[in-house]
Structures are given as structure tokens and as C-alpha cells.
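*Asks:* Take this structure first; my questions come after.
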Amino acid sequence: MDYEVVMHNGGCHCKRVRWKVEAPSSVVVWQCSCSDCSMRGNTHFVVPSQKFELNEDSKQFLTTYTFGTHTAKHIFCKICGITSFYIPRSNPDGVAVTYKCVDPGTLKHVETRHFDGQNWESSYNRTGISTCSKIKPKGDDN
């Protein structure tokens, strides 16, 4: 995979929520089968929160839904309803970016992995998803 780090821009359908995220041009996205992600069809990649920047003007258009443990913050646009990013239970120190909400042109390759949200704890331990929100030292491609 190509690990060139680029600045991706993206947001919601109505364009009131806009953000930028520093991430590789090739990403691993997680297709989760939890009750929320499976209903929304959300597939996302996770980045450290320091690599994500929400446009200041966007904050007024956001609302948040939580359930269960209330660790995940399902953030979506009040106008169009799109969840272009959220704070995942697996990585509360990171941001999950809906890869289909990234503006065209900067994502070169997407590898899809499955996260068994119906068996959350075992999938969390098995997949290593928790490492996705950690800052990696320069030169560490793992």
C-alpha cells in the first residue's frame, strides 16, 4: 500500500459540515456490523484526533447521538443527516472518518476490513483497531 500522507478534505451532503484530515492516500476502512453502523451502512477509517480539523463554521450544524455505553459520539449534520465523521467507541481518542465523505481525488486505495460489532469485545481484541488512533513514529509503516 502507498503510505504517502496527504490532506483530505470532506464533509456532509449539504456542505455545511466541512473538515480536513491528515491521513495516508491508502487507507484501511472498517465495515462495522454494530446496530448503528449496519443501519447507516457506515464504513470508516480511524485517525488520531490531532490529525482531524473541523471547520469552525461547521459546529453550529452538528448534533450528537449516543447509546449503550455512550462512549461513541455519533455526530451528524442537523440539516442533511449525514455522519461524515464521529468519535468511535473503539478509539475514543481518535476520529472515525466516513471514507465516502472524503472529497474525490486524494484517496488512492481503500482496503476494507470487517469489525464484528455484534461481538464487539472479541472483535476489538482481535482486530487491533485500537492502534489506529495512535500517532505513529516517523518511519513506522505498521
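Every chain in the C-alpha cells has a letter given in the order shown (A, B, ...), and although residue numbers restart at 1 in each chain, ligands are simply numbered from 1 in the order shown.
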Would you please give, as a PyMOL selection string, all residues of chain A that DSSP assigns to helix (DSSP H, G or I) based on the backbone?
*Replies:* chain A and resi 35-40+49-51+56-61+99-101+117-127+129-133
*Asks:* So how many Å separate CA of Lys20 in chain A and CA of Asp36 in chain A, to one decimal?
*Replies:* 24.2 Å
*Asks:* Taking the DSSP secondary structure from the backbone, can you list the residues of range 5-114 of chain A that are strand (DSSP E or B), as a VMD selection string?
*Replies:* chain A and resid 5 to 11 18 to 24 26 to 32 43 to 48 52 to 54 62 to 65 73 to 77 85 to 87 94 to 98 102 109 to 114
*Asks:* Would you write out those residues with N, CA and C atoms, as a short mmCIF file (atom, residue, chain, number, x, y, z; two decimals), in the first residue's frame?
*Replies:*
data_model
loop_
_atom_site.label_atom_id
_atom_site.label_comp_id
_atom_site.auth_asym_id
_atom_site.auth_seq_id
_atom_site.Cartn_x
_atom_site.Cartn_y
_atom_site.Cartn_z
N VAL A 5 1.34 10.47 3.09
CA VAL A 5 0.37 11.20 3.90
C VAL A 5 -0.04 12.46 3.14
N VAL A 6 -1.36 12.66 3.05
CA VAL A 6 -1.91 13.81 2.34
C VAL A 6 -2.99 14.47 3.20
N MET A 7 -3.41 15.65 2.79
CA MET A 7 -4.52 16.32 3.45
C MET A 7 -5.78 16.02 2.64
N HIS A 8 -6.73 15.34 3.28
CA HIS A 8 -8.02 15.05 2.67
C HIS A 8 -9.01 16.10 3.16
N ASN A 9 -9.89 16.52 2.30
CA ASN A 9 -10.99 17.40 2.67
C ASN A 9 -12.28 16.62 2.50
N GLY A 10 -13.29 17.01 3.24
CA GLY A 10 -14.56 16.32 3.10
C GLY A 10 -15.64 16.96 3.94
N GLY A 11 -16.79 16.27 3.98
CA GLY A 11 -17.90 16.78 4.77
C GLY A 11 -19.19 16.08 4.41
N ARG A 18 -17.87 20.77 7.14
CA ARG A 18 -16.64 20.59 6.36
C ARG A 18 -15.48 20.38 7.32
N TRP A 19 -14.53 19.57 6.90
CA TRP A 19 -13.37 19.25 7.71
C TRP A 19 -12.19 18.90 6.82
N LYS A 20 -11.03 18.78 7.44
CA LYS A 20 -9.85 18.25 6.76
C LYS A 20 -9.19 17.26 7.70
N VAL A 21 -8.54 16.27 7.11
CA VAL A 21 -7.90 15.22 7.90
C VAL A 21 -6.59 14.84 7.21
N GLU A 22 -5.55 14.72 8.02
CA GLU A 22 -4.25 14.28 7.52
C GLU A 22 -4.19 12.76 7.69
N ALA A 23 -4.06 12.07 6.56
CA ALA A 23 -4.06 10.61 6.56
C ALA A 23 -3.39 10.11 5.29
N PRO A 24 -3.01 8.84 5.28
CA PRO A 24 -2.41 8.29 4.06
C PRO A 24 -3.37 8.34 2.87
N SER A 26 -3.63 5.87 0.96
CA SER A 26 -4.16 4.50 1.00
C SER A 26 -4.58 4.23 2.44
N VAL A 27 -5.84 3.85 2.63
CA VAL A 27 -6.36 3.68 3.98
C VAL A 27 -7.00 2.31 4.16
N VAL A 28 -7.04 1.87 5.42
CA VAL A 28 -7.81 0.70 5.81
C VAL A 28 -9.10 1.22 6.39
N VAL A 29 -10.23 0.79 5.81
CA VAL A 29 -11.53 1.20 6.33
C VAL A 29 -12.18 0.02 7.03
N TRP A 30 -12.99 0.34 8.01
CA TRP A 30 -13.66 -0.67 8.83
C TRP A 30 -15.14 -0.68 8.51
N GLN A 31 -15.61 -1.84 8.11
CA GLN A 31 -17.04 -2.04 7.90
C GLN A 31 -17.55 -2.73 9.15
N CYS A 32 -18.33 -2.00 9.94
CA CYS A 32 -18.76 -2.48 11.25
C CYS A 32 -20.20 -3.00 11.16
N THR A 43 -18.88 2.99 6.67
CA THR A 43 -17.56 2.39 6.55
C THR A 43 -16.56 3.51 6.71
N HIS A 44 -15.62 3.35 7.65
CA HIS A 44 -14.79 4.48 8.05
C HIS A 44 -13.34 4.07 8.29
N PHE A 45 -12.46 5.08 8.24
CA PHE A 45 -11.08 4.89 8.68
C PHE A 45 -10.88 5.75 9.92
N VAL A 46 -9.95 5.33 10.77
CA VAL A 46 -9.73 5.99 12.05
C VAL A 46 -8.39 6.71 12.04
N VAL A 47 -8.39 7.93 12.56
CA VAL A 47 -7.17 8.72 12.67
C VAL A 47 -7.04 9.27 14.09
N PRO A 48 -5.82 9.61 14.51
CA PRO A 48 -5.67 10.30 15.79
C PRO A 48 -6.42 11.63 15.74
N PHE A 52 -7.28 15.53 12.73
CA PHE A 52 -8.59 15.92 12.21
C PHE A 52 -8.90 17.35 12.62
N GLU A 53 -9.37 18.15 11.67
CA GLU A 53 -9.74 19.53 11.99
C GLU A 53 -11.11 19.87 11.38
N LEU A 54 -12.04 20.19 12.24
CA LEU A 54 -13.37 20.61 11.82
C LEU A 54 -13.36 22.10 11.54
N LEU A 62 -23.95 20.70 13.75
CA LEU A 62 -23.76 19.34 14.24
C LEU A 62 -24.66 19.02 15.42
N THR A 63 -25.03 17.76 15.50
CA THR A 63 -25.72 17.23 16.67
C THR A 63 -25.15 15.84 16.93
N THR A 64 -25.34 15.32 18.13
CA THR A 64 -24.71 14.07 18.53
C THR A 64 -25.74 13.09 19.10
N TYR A 65 -25.57 11.84 18.72
CA TYR A 65 -26.40 10.75 19.24
C TYR A 65 -25.49 9.75 19.94
N LYS A 73 -19.55 8.78 20.05
CA LYS A 73 -20.31 10.02 19.81
C LYS A 73 -20.64 10.05 18.31
N HIS A 74 -21.86 9.69 17.98
CA HIS A 74 -22.30 9.66 16.58
C HIS A 74 -22.74 11.06 16.20
N ILE A 75 -21.85 11.76 15.54
CA ILE A 75 -22.02 13.17 15.21
C ILE A 75 -22.55 13.25 13.78
N PHE A 76 -23.59 14.04 13.58
CA PHE A 76 -24.12 14.17 12.23
C PHE A 76 -24.66 15.57 11.98
N CYS A 77 -24.85 15.88 10.72
CA CYS A 77 -25.34 17.19 10.31
C CYS A 77 -26.83 17.31 10.61
N PHE A 85 -18.22 12.04 10.03
CA PHE A 85 -17.20 11.64 10.99
C PHE A 85 -17.88 11.41 12.33
N TYR A 86 -17.21 10.70 13.21
CA TYR A 86 -17.72 10.53 14.57
C TYR A 86 -16.59 10.04 15.48
N ILE A 87 -16.85 10.01 16.78
CA ILE A 87 -15.88 9.51 17.75
C ILE A 87 -16.28 8.06 18.06
N GLY A 94 -9.65 9.12 19.08
CA GLY A 94 -9.49 9.35 17.65
C GLY A 94 -10.78 9.80 17.00
N VAL A 95 -10.75 9.86 15.69
CA VAL A 95 -11.92 10.25 14.89
C VAL A 95 -12.08 9.22 13.78
N ALA A 96 -13.31 8.74 13.60
CA ALA A 96 -13.64 7.85 12.50
C ALA A 96 -14.20 8.69 11.37
N VAL A 97 -13.58 8.60 10.22
CA VAL A 97 -13.97 9.39 9.06
C VAL A 97 -14.67 8.49 8.06
N THR A 98 -15.88 8.84 7.68
CA THR A 98 -16.62 8.08 6.68
C THR A 98 -15.92 8.29 5.34
N VAL A 102 -15.12 11.75 1.92
CA VAL A 102 -13.88 12.42 1.53
C VAL A 102 -14.07 12.93 0.10
N HIS A 109 -6.30 4.35 -2.62
CA HIS A 109 -6.58 2.93 -2.41
C HIS A 109 -7.31 2.77 -1.08
N VAL A 110 -8.32 1.90 -1.08
CA VAL A 110 -9.09 1.62 0.13
C VAL A 110 -9.15 0.12 0.32
N GLU A 111 -8.65 -0.34 1.47
CA GLU A 111 -8.73 -1.75 1.85
C GLU A 111 -9.81 -1.88 2.92
N THR A 112 -10.78 -2.75 2.71
CA THR A 112 -11.89 -2.91 3.65
C THR A 112 -11.64 -4.10 4.57
N ARG A 113 -11.79 -3.84 5.86
CA ARG A 113 -11.72 -4.90 6.88
C ARG A 113 -13.04 -4.92 7.64
N HIS A 114 -13.38 -6.07 8.17
CA HIS A 114 -14.63 -6.24 8.89
C HIS A 114 -14.41 -6.13 10.39
#
*Asks:* May I ask for the distance between CA of Phe67 in chain A and CA of Gln50 in chain A, given in Å to one decimal place?
*Replies:*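 It comes out at 25.0 Å.
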*Asks:* Work out how far CA of Lys100 in chain A is from CA of Ser84 in chain A, in Å to one decimal.
*Replies:*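 CA of Lys100 in chain A lies at a distance of 8.1 Å from CA of Ser84 in chain A.
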*Asks:* Which residues are near Tyr124 in chain A? Cut-off 9 Å, only C-alpha atoms, ignore same chain within fewer than 6 positions. Put them as a PDB file with N, CA, C and O atoms, in the first residue's frame.
*Replies:*
ATOM      1  N   SER A  90     -14.372   2.273  19.822  1.00  0.00           N
ATOM      2  CA  SER A  90     -13.090   1.567  19.753  1.00  0.00           C
ATOM      3  C   SER A  90     -11.901   2.503  19.912  1.00  0.00           C
ATOM      4  O   SER A  90     -10.824   2.073  20.316  1.00  0.00           O
ATOM      5  N   PHE A 115     -15.267  -5.359  11.047  1.00  0.00           N
ATOM      6  CA  PHE A 115     -15.295  -5.292  12.511  1.00  0.00           C
ATOM      7  C   PHE A 115     -16.636  -5.856  12.950  1.00  0.00           C
ATOM      8  O   PHE A 115     -17.683  -5.331  12.575  1.00  0.00           O
ATOM      9  N   ASP A 116     -16.597  -6.942  13.722  1.00  0.00           N
ATOM     10  CA  ASP A 116     -17.821  -7.607  14.150  1.00  0.00           C
ATOM     11  C   ASP A 116     -18.428  -6.874  15.343  1.00  0.00           C
ATOM     12  O   ASP A 116     -18.166  -7.197  16.494  1.00  0.00           O
ATOM     13  N   GLY A 117     -19.233  -5.869  15.052  1.00  0.00           N
ATOM     14  CA  GLY A 117     -19.855  -5.060  16.083  1.00  0.00           C
ATOM     15  C   GLY A 117     -20.913  -5.794  16.883  1.00  0.00           C
ATOM     16  O   GLY A 117     -21.303  -5.340  17.964  1.00  0.00           O
ATOM     17  N   SER A 130      -7.736  -0.560  17.885  1.00  0.00           N
ATOM     18  CA  SER A 130      -7.390   0.478  18.855  1.00  0.00           C
ATOM     19  C   SER A 130      -6.095   1.204  18.510  1.00  0.00           C
ATOM     20  O   SER A 130      -5.891   2.346  18.908  1.00  0.00           O
TER      21      SER A 130
END
*Asks:* Which residue, A:His13, A:Gly81, A:Arg40, A:Asn125, has the smallest gap to Asp103 in chain A when you use only C-alpha atoms?
*Replies:*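 Checking each of A:His13, A:Gly81, A:Arg40, A:Asn125 against Asp103 in chain A, counting only C-alpha atoms, the winner is A:His13.
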*Asks:* Check the smallest atom-to-atom distance from each of A:Ser133, A:Thr83, A:Ser58, A:Ser38 to Cys101 in chain A using only C-alpha atoms, then report the winner.
*Replies:* A:Thr83
